[in-house]
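One structure is given here, and the rest of the page talks about it.
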Amino acid sequence: MSELTLLVLKLGFLVLLWVFVFMIVYALRSDLFGPRARRLPASETPAPPLPAPAPAPAPVAAGSPVAASLPTAPIGSDQPATASRLVITSGAKEGLEVPLTDEQLTIGRSSESGLVIRDDYTSTHHARLLRWKGEWMLEDLGSTNGTFIGGNRVTSPTAVPLNTPVKIGTTTFELRR
């Protein structure tokens with residue numbers, strides 16, 4: 001074999017070896033941080049998904065014992081009571097209170113999240129808390145370990161009642177007035 005052929009084979013092998021190393025690094029990065037998400041321009045930002053409508057309650061007779069046990073709204077209030085803050089009840093940031101001033105709050109490990117939770121069981125972009133028709137809704141963003149409201153896994157945008165525990169990773173929080 002000529003020296004030129006041997007040199008070309010050596011260089012080809014070296015290039016192939018580096019391609020293999022870069023493929024391994026890319027696979028490890030994808031495993032650790034997930035696939036890259038592209039940012040949409042402000043004009044293309046999708047509207048938040050709409051939750052399924054709740055079934056209509058059955059009518060209750062005015063004099064029945066069931067009607068007497070139903071809560072009544074305070075006089076003059078047209079809107080249901082809504083949360084104004086998020087309180088972390090357990091986890092690394094226990095006791096932290098986050099005011100709910102925006103229409104949505106993203107939760108995850110990413111430094112771009114409104115509420116950053118750094119633990120091994122929280123995804124980079126784990127969940128989104130958004131206000132819809134005066135009510136706070138929680139949407140899981142395809143997390144690996146799931147999002148739970150009152151012990152039930154969230155599979156679609158779900159209303160978050162006041163003082164109900166919401167679990168993301170090892171952190172639990174509640175919405176409060």
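Identifiers for the structure tokens are assigned positionally: chains receive A, B, ... in sequence, residues are indexed from 1 per chain, and ligands are indexed from 1 in the order shown.
Residues surrounding Gly114 in chain A within 10 Å are Val98, Asp102, Gln104, Leu105, Thr106, Ile107, Gly108, Arg109, Ser110, Ser111, Glu112, Val116, Ile117, Arg128 and Leu129 of chain A [only C-alpha atoms; sequence separation below 2 positions excluded].
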Take the selection from the previous step and output its residues with all heavy atoms, as a short mmCIF file (atom, residue, chain, number, x, y, z; two decimals), in the first residue's frame.
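See part-v8.cif below for the written result:
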data_model
loop_
_atom_site.label_atom_id
_atom_site.label_comp_id
_atom_site.auth_asym_id
_atom_site.auth_seq_id
_atom_site.Cartn_x
_atom_site.Cartn_y
_atom_site.Cartn_z
N VAL A 98 -45.57 32.62 45.87
CA VAL A 98 -45.43 33.26 44.56
C VAL A 98 -46.75 33.95 44.25
O VAL A 98 -47.79 33.29 44.16
CB VAL A 98 -45.09 32.22 43.47
CG1 VAL A 98 -44.98 32.90 42.11
CG2 VAL A 98 -43.83 31.46 43.81
N ASP A 102 -49.70 37.22 36.75
CA ASP A 102 -49.82 37.03 35.30
C ASP A 102 -50.95 36.08 34.97
O ASP A 102 -51.52 35.45 35.85
CB ASP A 102 -48.50 36.47 34.73
CG ASP A 102 -47.35 37.45 34.88
OD1 ASP A 102 -47.62 38.66 34.93
OD2 ASP A 102 -46.20 37.00 34.95
N GLN A 104 -50.45 33.41 33.22
CA GLN A 104 -49.92 32.05 33.23
C GLN A 104 -48.58 32.01 33.95
O GLN A 104 -47.89 33.02 34.04
CB GLN A 104 -49.80 31.47 31.83
CG GLN A 104 -48.67 32.00 30.99
CD GLN A 104 -48.56 31.24 29.68
OE1 GLN A 104 -49.40 30.42 29.33
NE2 GLN A 104 -47.51 31.49 28.94
N LEU A 105 -48.24 30.84 34.47
CA LEU A 105 -46.99 30.61 35.18
C LEU A 105 -46.47 29.26 34.73
O LEU A 105 -47.17 28.25 34.84
CB LEU A 105 -47.25 30.61 36.69
CG LEU A 105 -46.06 30.28 37.58
CD1 LEU A 105 -45.08 31.45 37.58
CD2 LEU A 105 -46.53 29.99 38.99
N THR A 106 -45.25 29.24 34.19
CA THR A 106 -44.65 27.97 33.78
C THR A 106 -43.84 27.42 34.95
O THR A 106 -43.27 28.18 35.73
CB THR A 106 -43.75 28.13 32.55
OG1 THR A 106 -42.78 29.15 32.82
CG2 THR A 106 -44.56 28.50 31.32
N ILE A 107 -43.81 26.10 35.06
CA ILE A 107 -43.14 25.43 36.16
C ILE A 107 -42.21 24.38 35.58
O ILE A 107 -42.61 23.61 34.71
CB ILE A 107 -44.17 24.76 37.09
CG1 ILE A 107 -45.17 25.80 37.60
CG2 ILE A 107 -43.48 24.05 38.25
CD1 ILE A 107 -46.40 25.21 38.27
N GLY A 108 -40.96 24.35 36.05
CA GLY A 108 -40.01 23.35 35.58
C GLY A 108 -38.60 23.65 36.04
O GLY A 108 -38.36 24.58 36.82
N ARG A 109 -37.64 22.87 35.55
CA ARG A 109 -36.23 23.05 35.90
C ARG A 109 -35.58 24.17 35.13
O ARG A 109 -34.53 24.68 35.53
CB ARG A 109 -35.44 21.77 35.61
CG ARG A 109 -35.55 20.74 36.67
CD ARG A 109 -34.52 19.64 36.50
NE ARG A 109 -34.11 19.39 35.14
CZ ARG A 109 -34.10 18.21 34.56
NH1 ARG A 109 -34.48 17.16 35.22
NH2 ARG A 109 -33.70 18.07 33.32
N SER A 110 -36.14 24.56 34.00
CA SER A 110 -35.54 25.58 33.15
C SER A 110 -35.47 26.93 33.87
O SER A 110 -36.39 27.31 34.60
CB SER A 110 -36.38 25.75 31.88
OG SER A 110 -35.95 26.88 31.15
N SER A 111 -34.38 27.64 33.66
CA SER A 111 -34.25 28.97 34.26
C SER A 111 -35.23 29.96 33.64
O SER A 111 -35.45 31.03 34.19
CB SER A 111 -32.81 29.48 34.10
OG SER A 111 -32.48 29.54 32.74
N GLU A 112 -35.85 29.60 32.52
CA GLU A 112 -36.85 30.45 31.88
C GLU A 112 -38.23 30.29 32.53
O GLU A 112 -39.13 31.06 32.23
CB GLU A 112 -36.96 30.10 30.39
CG GLU A 112 -35.69 30.33 29.61
CD GLU A 112 -35.75 29.77 28.21
OE1 GLU A 112 -36.75 29.11 27.86
OE2 GLU A 112 -34.79 29.98 27.46
N VAL A 116 -39.09 27.96 39.24
CA VAL A 116 -38.02 27.01 38.95
C VAL A 116 -37.95 26.00 40.09
O VAL A 116 -37.79 26.37 41.25
CB VAL A 116 -36.67 27.73 38.80
CG1 VAL A 116 -35.55 26.74 38.54
CG2 VAL A 116 -36.74 28.76 37.68
N ILE A 117 -38.11 24.71 39.74
CA ILE A 117 -38.00 23.61 40.71
C ILE A 117 -36.85 22.74 40.24
O ILE A 117 -36.94 22.09 39.21
CB ILE A 117 -39.31 22.79 40.79
CG1 ILE A 117 -40.47 23.68 41.20
CG2 ILE A 117 -39.14 21.62 41.73
CD1 ILE A 117 -41.81 22.98 41.18
N ARG A 128 -47.79 23.99 33.20
CA ARG A 128 -48.17 25.39 33.04
C ARG A 128 -49.46 25.63 33.82
O ARG A 128 -50.42 24.88 33.70
CB ARG A 128 -48.38 25.72 31.56
CG ARG A 128 -48.85 27.12 31.32
CD ARG A 128 -49.01 27.50 29.85
NE ARG A 128 -49.24 26.36 29.00
CZ ARG A 128 -48.77 26.25 27.77
NH1 ARG A 128 -48.04 27.19 27.26
NH2 ARG A 128 -49.04 25.19 27.04
N LEU A 129 -49.46 26.70 34.60
CA LEU A 129 -50.62 27.11 35.36
C LEU A 129 -51.15 28.35 34.65
O LEU A 129 -50.42 29.32 34.46
CB LEU A 129 -50.19 27.44 36.80
CG LEU A 129 -51.26 27.72 37.82
CD1 LEU A 129 -52.11 26.47 38.05
CD2 LEU A 129 -50.63 28.16 39.12
#
Range 141-146 of chain A surroundings by only C-alpha atoms, 8 Å radius, close-in-sequence under 5 positions cut, as a PyMOL selection string: chain A and resi 121-123+125-128+153-154+168-169
query: Could you state the separation of CA of Leu86 in chain A and CA of Phe33 in chain A in Å, given to one decimal place?
result: 26.5 Å
Residues near Glu135 in chain A, cut-off 9 Å, only C-alpha atoms, skip fewer than 2 positions along chain, as a ChimeraX atom specification: /A:80-83,130-133,137,159-161
Quick one: everything within 9 Å of Glu97 in chain A, counting only C-alpha atoms, minus sequence neighbours fewer than 6 positions away in the same chain. Send it as a compact mmCIF listing (two decimals) with N, CA, C and O atoms, in the first residue's frame.
# COMPACT_ATOMS: atom_id res chain seq x y z
N ARG A 85 -52.26 33.67 45.11
CA ARG A 85 -50.88 33.29 45.38
C ARG A 85 -50.74 31.77 45.37
O ARG A 85 -51.70 31.04 45.58
N LEU A 86 -49.52 31.34 45.11
CA LEU A 86 -49.16 29.93 45.11
C LEU A 86 -48.22 29.74 46.30
O LEU A 86 -47.25 30.49 46.44
N VAL A 87 -48.51 28.80 47.17
CA VAL A 87 -47.71 28.56 48.37
C VAL A 87 -47.13 27.15 48.30
O VAL A 87 -47.87 26.18 48.17
N ILE A 88 -45.80 27.05 48.38
CA ILE A 88 -45.14 25.74 48.36
C ILE A 88 -45.20 25.16 49.77
O ILE A 88 -44.71 25.77 50.72
message: Just checking: using only C-alpha atoms, which residue out of A:Asn163, A:Phe22, A:Leu7, A:Phe173 ends up closest to Thr147 in chain A?
response: A:Phe173
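Across the structure, CA of Asn152 in chain A and CA of Leu138 in chain A are spaced 12.2 Å apart.
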